[in-house]
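Pasting target_15.tsv here (TSV, C-alpha atoms and all ligand atoms):
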chain	number	residue	atom	x	y	z
A	1	MET	CA	119.00	151.89	51.50
A	2	LYS	CA	120.56	155.26	52.34
A	3	LYS	CA	118.59	155.36	55.58
A	4	GLU	CA	120.01	151.98	56.54
A	5	ALA	CA	123.57	153.16	55.80
A	6	ASN	CA	123.05	156.25	57.97
A	7	MET	CA	121.76	154.09	60.77
A	8	ARG	CA	124.81	151.84	60.53
A	9	THR	CA	127.11	154.91	60.67
A	10	TRP	CA	125.35	156.16	63.79
A	11	ILE	CA	125.58	152.80	65.50
A	12	PHE	CA	129.28	152.59	64.63
A	13	CYS	CA	129.94	156.11	65.99
A	14	ALA	CA	128.07	155.31	69.21
A	15	PHE	CA	130.10	152.11	69.57
A	16	VAL	CA	133.42	153.98	69.12
A	17	LEU	CA	132.37	156.69	71.60
A	18	ALA	CA	131.39	154.07	74.16
A	19	LEU	CA	134.87	152.58	73.80
A	20	ILE	CA	136.93	155.77	74.05
A	21	LEU	CA	134.93	157.89	76.51
A	22	PRO	CA	135.87	155.91	79.64
A	23	ALA	CA	139.54	156.10	78.59
A	24	ILE	CA	139.60	159.92	78.59
A	25	PRO	CA	140.87	160.97	82.03
A	26	VAL	CA	138.64	163.37	83.92
A	27	LEU	CA	140.79	166.13	85.43
A	28	ALA	CA	140.05	166.47	89.10
A	29	GLU	CA	139.36	169.94	90.46
A	30	ASN	CA	141.93	171.17	92.95
A	31	SER	CA	139.76	171.49	95.98
A	32	ILE	CA	139.38	171.28	99.71
A	33	THR	CA	135.95	170.05	100.70
A	34	ILE	CA	134.56	170.05	104.22
A	35	ASP	CA	131.88	167.38	104.64
A	36	SER	CA	128.57	168.16	106.32
A	37	VAL	CA	127.86	165.89	109.26
A	38	ALA	CA	125.19	165.51	111.93
A	39	THR	CA	125.96	164.92	115.58
A	40	PHE	CA	124.22	165.31	118.94
A	41	THR	CA	124.41	167.65	121.89
A	42	ASN	CA	125.91	164.90	124.04
A	43	GLN	CA	128.60	163.98	121.52
A	44	THR	CA	131.58	165.69	119.94
A	45	GLY	CA	131.76	166.64	116.28
A	46	LYS	CA	134.11	164.91	113.85
A	47	VAL	CA	134.13	166.60	110.45
A	48	PRO	CA	136.01	165.07	107.49
A	49	VAL	CA	138.18	167.32	105.31
A	50	ASN	CA	138.86	166.07	101.77
A	51	PHE	CA	141.63	167.18	99.46
A	52	THR	CA	142.02	166.83	95.71
A	53	ASN	CA	145.14	167.92	93.80
A	54	ASP	CA	146.13	167.27	90.19
A	55	ILE	CA	149.83	168.16	90.57
A	56	GLU	CA	152.43	167.10	93.12
A	57	LEU	CA	152.61	169.48	96.06
A	58	ALA	CA	155.15	170.43	98.69
A	59	GLY	CA	152.74	171.41	101.39
A	60	VAL	CA	149.36	172.67	102.33
A	61	GLU	CA	148.13	175.25	104.80
A	62	LEU	CA	144.45	175.58	105.55
A	63	THR	CA	142.70	178.01	107.87
A	64	VAL	CA	139.04	177.40	108.57
A	65	TRP	CA	136.54	179.42	110.50
A	66	TRP	CA	133.30	178.45	112.23
A	67	ASN	CA	130.42	180.72	113.22
A	68	SER	CA	129.56	179.62	116.74
A	69	PRO	CA	131.29	180.93	119.88
A	70	GLU	CA	129.91	177.94	121.80
A	71	ILE	CA	131.96	175.29	120.10
A	72	GLN	CA	135.70	174.88	120.03
A	73	ILE	CA	138.22	172.90	118.05
A	74	ASP	CA	140.08	170.20	119.99
A	75	SER	CA	142.41	168.97	117.29
A	76	PHE	CA	142.94	168.07	113.67
A	77	SER	CA	143.93	164.48	112.92
A	78	PHE	CA	145.78	163.99	109.65
A	79	ILE	CA	145.06	160.86	107.66
A	80	ASP	CA	148.27	159.25	106.45
A	81	GLY	CA	148.10	158.31	102.85
A	82	ARG	CA	147.31	161.74	101.44
A	83	VAL	CA	150.03	163.28	103.60
A	84	ASP	CA	153.13	161.18	104.13
A	85	TYR	CA	154.13	160.21	107.67
A	86	THR	CA	157.46	162.05	107.38
A	87	THR	CA	155.56	165.30	107.13
A	88	LEU	CA	155.90	168.08	109.65
A	89	LYS	CA	152.28	168.58	110.64
A	90	GLY	CA	150.65	170.99	112.98
A	91	THR	CA	147.55	172.79	114.15
A	92	TYR	CA	147.07	176.11	115.84
A	93	VAL	CA	143.86	177.61	117.11
A	94	MET	CA	143.13	181.35	117.19
A	95	GLY	CA	139.68	182.13	118.57
A	96	ASP	CA	137.17	180.85	116.05
A	97	THR	CA	139.70	179.80	113.43
A	98	VAL	CA	142.06	176.87	113.19
A	99	THR	CA	145.06	176.58	110.90
A	100	VAL	CA	146.43	173.19	109.94
A	101	TYR	CA	149.56	172.68	107.88
A	102	ALA	CA	151.61	169.85	106.47
A	103	LEU	CA	155.07	170.23	104.94
A	104	PRO	CA	157.95	167.87	104.31
A	105	PHE	CA	161.11	167.52	106.37
A	106	SER	CA	163.17	167.15	103.21
A	107	GLY	CA	162.92	169.09	99.97
A	108	GLU	CA	160.95	166.35	98.26
A	109	PRO	CA	157.40	166.92	97.08
A	110	LEU	CA	155.27	164.92	99.44
A	111	ILE	CA	151.64	165.20	98.50
A	112	GLY	CA	151.20	163.12	95.38
A	113	ILE	CA	148.47	163.65	92.82
A	114	GLY	CA	145.26	162.27	94.19
A	115	THR	CA	142.02	162.70	95.97
A	116	GLY	CA	140.71	161.59	99.31
A	117	LEU	CA	140.45	162.20	103.00
A	118	PHE	CA	143.02	164.66	104.33
A	119	GLY	CA	142.01	164.60	107.99
A	120	HIS	CA	139.32	165.25	110.57
A	121	LEU	CA	138.41	168.42	112.43
A	122	HIS	CA	137.41	167.56	115.99
A	123	PHE	CA	134.95	169.92	117.69
A	124	SER	CA	133.67	169.91	121.27
A	125	TYR	CA	131.07	171.95	123.14
A	126	PRO	CA	129.34	172.07	126.51
A	127	LEU	CA	126.57	169.52	127.18
A	128	GLU	CA	123.98	172.28	127.56
A	129	ILE	CA	124.61	173.67	124.07
A	130	ASN	CA	121.53	174.55	122.04
A	131	PRO	CA	120.98	172.46	118.93
A	132	GLN	CA	122.30	174.41	115.94
A	133	VAL	CA	123.86	174.17	112.51
A	134	VAL	CA	127.41	175.50	112.47
A	135	THR	CA	129.00	176.65	109.22
A	136	ILE	CA	132.63	175.68	108.66
A	137	ASP	CA	134.09	177.98	106.05
A	138	SER	CA	137.53	178.94	104.79
A	139	VAL	CA	139.67	181.91	105.70
A	140	THR	CA	142.69	180.90	103.64
A	141	VAL	CA	143.91	177.90	101.78
A	142	ILE	CA	147.47	177.91	100.50
A	143	VAL	CA	148.87	174.98	98.62
A	144	PRO	CA	152.38	175.72	97.42
A	145	PRO	CA	153.79	173.47	94.71
A	146	ASP	CA	157.29	174.86	95.38
A	147	VAL	CA	159.56	172.80	97.61
A	148	ASP	CA	161.91	175.48	98.98
A	149	TYR	CA	161.46	174.88	102.69
A	150	GLY	CA	160.80	177.91	104.85
A	151	THR	CA	159.82	180.40	102.18
A	152	ARG	CA	157.01	178.79	100.32
A	153	PHE	CA	154.24	180.14	102.50
A	154	MET	CA	155.60	183.68	102.35
A	155	GLU	CA	156.61	184.46	98.79
A	156	PRO	CA	153.92	184.78	96.16
A	157	SER	CA	156.60	184.41	93.47
A	158	LYS	CA	157.08	180.85	94.63
A	159	GLY	CA	153.86	180.14	92.85
A	160	TYR	CA	151.43	178.87	95.38
A	161	PHE	CA	147.86	178.55	94.40
A	162	THR	CA	144.46	178.35	96.02
A	163	PRO	CA	142.21	175.39	95.36
A	164	ASP	CA	138.44	175.66	95.37
A	165	PHE	CA	137.02	175.55	98.88
A	166	ASN	CA	133.70	173.90	99.60
A	167	LYS	CA	132.33	174.75	102.99
A	168	GLY	CA	130.56	172.26	105.24
A	169	TYR	CA	128.21	172.17	108.19
A	170	LEU	CA	128.13	170.60	111.62
A	171	ASP	CA	124.50	169.90	112.47
A	172	ILE	CA	124.30	169.58	116.28
A	173	GLN	CA	120.97	167.93	117.09
A	174	GLN	CA	119.21	167.53	120.41
A	175	ALA	CA	120.15	164.29	122.15
A	176	PHE	CA	117.53	162.22	124.01
A	177	GLY	CA	118.89	161.77	127.52
A	178	CYS	CA	122.21	160.01	127.22
A	179	CYS	CA	121.03	158.29	124.03
A	180	SER	CA	122.02	159.74	120.67
A	181	GLY	CA	121.07	158.87	117.12
A	182	ILE	CA	119.82	155.30	117.07
A	183	ARG	CA	119.66	152.84	119.98
A	184	GLY	CA	122.14	150.01	120.35
A	185	ASN	CA	125.44	151.48	121.50
A	186	VAL	CA	125.22	149.28	124.57
A	187	ASP	CA	128.93	149.36	125.41
A	188	ASN	CA	129.16	153.15	124.92
A	189	GLN	CA	132.13	152.63	122.59
A	190	GLY	CA	132.71	153.17	118.90
A	191	ASP	CA	130.26	154.79	116.53
A	192	ASP	CA	126.47	154.85	116.41
A	193	GLU	CA	126.19	151.52	114.55
A	194	PRO	CA	125.49	148.56	116.91
A	195	ASN	CA	127.99	145.72	116.51
A	196	ILE	CA	129.25	142.48	118.08
A	197	ALA	CA	130.92	144.38	120.93
A	198	ASP	CA	127.51	145.78	121.94
A	199	LEU	CA	125.99	142.30	121.79
A	200	THR	CA	128.83	140.89	123.90
A	201	TYR	CA	128.31	143.65	126.47
A	202	LEU	CA	124.57	142.98	126.68
A	203	VAL	CA	125.02	139.19	126.99
A	204	SER	CA	127.60	139.74	129.73
A	205	PHE	CA	125.22	142.03	131.62
A	206	LEU	CA	122.20	139.73	131.29
A	207	PHE	CA	123.83	136.35	131.95
A	208	GLN	CA	127.32	136.75	133.36
A	209	GLY	CA	127.01	139.45	136.01
A	210	GLY	CA	128.71	142.04	133.78
A	211	PRO	CA	128.30	145.79	134.38
A	212	PRO	CA	125.06	147.48	133.34
A	213	PRO	CA	125.02	149.64	130.19
A	214	ASP	CA	126.15	153.23	130.85
A	215	CYS	CA	123.10	154.52	129.01
A	216	PRO	CA	119.88	152.50	129.62
A	217	GLU	CA	118.13	154.10	126.62
A	218	GLU	CA	120.88	152.86	124.27
A	219	ALA	CA	120.29	149.31	125.52
A	220	ASP	CA	116.49	149.61	125.31
A	221	MET	CA	116.46	148.18	121.80
A	222	ASN	CA	112.72	147.59	121.61
A	223	ALA	CA	111.98	151.07	123.05
A	224	ASP	CA	109.49	149.78	125.63
A	225	GLY	CA	110.83	152.25	128.17
A	226	ASP	CA	111.91	149.58	130.67
A	227	PRO	CA	114.96	151.13	132.35
A	228	GLU	CA	116.60	147.71	132.65
A	229	ALA	CA	117.61	145.86	129.49
A	230	ASN	CA	116.19	142.35	129.18
A	231	VAL	CA	115.96	139.37	126.84
A	232	ALA	CA	113.52	141.20	124.55
A	233	ASP	CA	116.21	143.83	123.89
A	234	LEU	CA	118.78	141.10	123.30
A	235	THR	CA	116.45	139.38	120.84
A	236	TYR	CA	115.98	142.64	118.94
A	237	LEU	CA	119.74	143.20	118.72
A	238	ILE	CA	120.46	139.63	117.55
A	239	ALA	CA	117.71	139.88	114.92
A	240	PHE	CA	119.20	143.12	113.60
A	241	LEU	CA	122.78	141.87	113.56
A	242	PHE	CA	122.27	138.38	112.13
A	243	LEU	CA	118.73	137.75	110.92
A	244	GLY	CA	117.89	140.78	108.80
A	245	GLY	CA	115.62	142.12	111.53
A	246	PRO	CA	114.42	145.74	111.70
A	247	ASP	CA	116.89	148.60	112.07
A	248	PRO	CA	117.59	149.99	115.54
A	249	LEU	CA	114.97	152.53	116.60
A	250	PRO	CA	115.85	156.20	117.04
A	251	CYS	CA	116.49	157.44	120.58
A	252	ASN	CA	113.94	160.23	120.27
A	253	PRO	CA	110.42	158.88	120.72
B	1	CA	CA	123.18	155.49	119.76
B	2	CA	CA	129.16	150.23	120.56
B	3	CA	CA	113.49	147.25	126.42
Mind converting the file's structure to structure tokens?
Amino acid sequence: MKKEANMRTWIFCAFVLALILPAIPVLAENSITIDSVATFTNQTGKVPVNFTNDIELAGVELTVWWNSPEIQIDSFSFIDGRVDYTTLKGTYVMGDTVTVYALPFSGEPLIGIGTGLFGHLHFSYPLEINPQVVTIDSVTVIVPPDVDYGTRFMEPSKGYFTPDFNKGYLDIQQAFGCCSGIRGNVDNQGDDEPNIADLTYLVSFLFQGGPPPDCPEEADMNADGDPEANVADLTYLIAFLFLGGPDPLPCNP
């Protein structure tokens, strides 16, 4: 009898816990996290930077460093949403570091509590670069909660703080000719995932006198090595896009 009562108590406790646990908010860590991404020697590198803050902030200044003299930063593109469009934003490059900052025009706090993509670091390098893994690490991160324009990056008494920084990597892999990643980027536009635009380009080339694909290997969907795309490649692409056919093959044999 007592055993049964104990069991009932346990079940009740488990039930209550199951109800209240999801309601307890999990405090996000204040952090800047650089994603690790793979790219190819014939492409540029686009590395996402994520930002999490659990208080409202006036601005953010982030300096990152990378350990390869062969690659350079082209720009940093801020993602609106985490950083309001009225923000004064900028980027400056010094050798192998880049500093990006975002601060408001007015005295209002502008970076609300939240988490998500902050922007993208854009890297470029010469075509003949050796495949390598580049570390992207932090030199400084300053996130001042104070809103006094012009002084907040200089005065420690203004109470800025440093979030956790999680470094990332840019894995530059050897490209196969002009082809990179998987096959199927027939129109040489967009990302590495074949889509309707690639199909349209291939149909136009095969049947409507459209221009040939810039990169024959990208259009060689069935990887038979024929330098000119044909109906077999079109069939492969249609099967992948609409009929649950096999994934595009990798460029590298
Ligand atoms: Ca590709
Ligand atoms: Ca494409
Ligand atoms: Ca083919």
Given 6 Å and only C-alpha atoms and all ligand atoms, residues near ligand CA 2 (chain B) as a list of chain:residue names: A:Asn185, A:Val186, A:Asp187, A:Asn188, A:Gln189, A:Gly190, A:Pro194, A:Asp198
Pairwise distance for CA of Ala223 in chain A and CA of Leu241 in chain A, rounded to one decimal in Å: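 Separating CA of Ala223 in chain A from CA of Leu241 in chain A is a distance of 17.1 Å.
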Taking only C-alpha atoms and all ligand atoms into account, report as a PDB file with C-alpha atoms, in the coordinates of the input which residues have an atom no farther than 10 Å from an atom of ligand CA 3 (chain B).
ATOM      1  CA  PRO A 216     119.880 152.500 129.620  1.00  0.00           C
ATOM      2  CA  GLU A 217     118.130 154.100 126.620  1.00  0.00           C
ATOM      3  CA  GLU A 218     120.880 152.860 124.270  1.00  0.00           C
ATOM      4  CA  ALA A 219     120.290 149.310 125.520  1.00  0.00           C
ATOM      5  CA  ASP A 220     116.490 149.610 125.310  1.00  0.00           C
ATOM      6  CA  MET A 221     116.460 148.180 121.800  1.00  0.00           C
ATOM      7  CA  ASN A 222     112.720 147.590 121.610  1.00  0.00           C
ATOM      8  CA  ALA A 223     111.980 151.070 123.050  1.00  0.00           C
ATOM      9  CA  ASP A 224     109.490 149.780 125.630  1.00  0.00           C
ATOM     10  CA  GLY A 225     110.830 152.250 128.170  1.00  0.00           C
ATOM     11  CA  ASP A 226     111.910 149.580 130.670  1.00  0.00           C
ATOM     12  CA  PRO A 227     114.960 151.130 132.350  1.00  0.00           C
ATOM     13  CA  GLU A 228     116.600 147.710 132.650  1.00  0.00           C
ATOM     14  CA  ALA A 229     117.610 145.860 129.490  1.00  0.00           C
ATOM     15  CA  ASN A 230     116.190 142.350 129.180  1.00  0.00           C
ATOM     16  CA  VAL A 231     115.960 139.370 126.840  1.00  0.00           C
ATOM     17  CA  ALA A 232     113.520 141.200 124.550  1.00  0.00           C
ATOM     18  CA  ASP A 233     116.210 143.830 123.890  1.00  0.00           C
ATOM     19  CA  LEU A 234     118.780 141.100 123.300  1.00  0.00           C
ATOM     20  CA  TYR A 236     115.980 142.640 118.940  1.00  0.00           C
TER      21      TYR A 236
END
Point-to-point distance from CA of Ser77 in chain A to CA of Phe118 in chain A, Å rounded to tenths: 8.6 Å
All residues having an atom within 6 Å of ligand CA 1 (chain B) (only C-alpha atoms and all ligand atoms) as an MDAnalysis selection string: chainID A and resid 179:185 192 218
Residue contacts of Ser68 in chain A (12 Å, all atoms listed in the file) excluding same-chain residues fewer than 4 positions away, as JSON, numbers by chain: {"A": [72, 73, 95, 96, 97, 123, 124, 125, 129, 130, 131, 132, 133, 134, 135, 136, 137, 169, 170, 171, 172]}
Surrounding residues of Asn53 in chain A excluding itself and chain neighbours under 2 positions, 7 Å, all atoms listed in the file, as a VMD selection string: chain A and resid 29 to 31 51 55 113 to 115
Within-6 Å shell of (154.3, 168.8, 109.3) in input frame, only C-alpha atoms, as a list in words: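 Answer for this query, in the requested form: Thr87, Leu88, Lys89, Gly90, Ala102 and Leu103 of chain A.
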Using C-alpha atoms, can you export the residues from the last selection as a PDB file, in the frame of the given file?
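File produced: out_39.pdb:
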ATOM      1  CA  THR A  87     155.560 165.300 107.130  1.00  0.00           C
ATOM      2  CA  LEU A  88     155.900 168.080 109.650  1.00  0.00           C
ATOM      3  CA  LYS A  89     152.280 168.580 110.640  1.00  0.00           C
ATOM      4  CA  GLY A  90     150.650 170.990 112.980  1.00  0.00           C
ATOM      5  CA  ALA A 102     151.610 169.850 106.470  1.00  0.00           C
ATOM      6  CA  LEU A 103     155.070 170.230 104.940  1.00  0.00           C
TER       7      LEU A 103
END
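Checking A:Leu237, A:Ala58, A:Val143, A:Ile32 one by one against Gly119 in chain A, counting only C-alpha atoms, you find the shortest gap at A:Ile32.
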Polymer residues at most 8 Å from (133.9, 169.9, 107.8) by all atoms listed in the file, as a VMD selection string: chain A and resid 33 to 37 46 to 49 120 to 121 136 167 to 170
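Restricting the calculation to only C-alpha atoms, the smallest distance between Met94 in chain A and any of A:Trp66, A:Phe242, A:Phe40, A:Phe165 is found for A:Trp66.
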One-decimal distance in Å that lies between CA of Leu62 in chain A and CA of Thr99 in chain A: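 Going from CA of Thr99 in chain A over to CA of Leu62 in chain A, I get 5.5 Å.
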Minimum-distance residue to Asn252 in chain A, chosen among A:Asp191, A:Gly177, A:Ile196, A:Gly112 (using all atoms listed in the file): A:Gly177
Residue nearest Asn50 in chain A among A:Ser75, A:Gln174, A:Thr63, A:Asn166 (counting only C-alpha atoms): A:Asn166
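Using only C-alpha atoms, the shortest contact distance between Asp54 in chain A and any of A:Ile142, A:Leu117, A:Ile79, A:Ile111 is found at A:Ile111.
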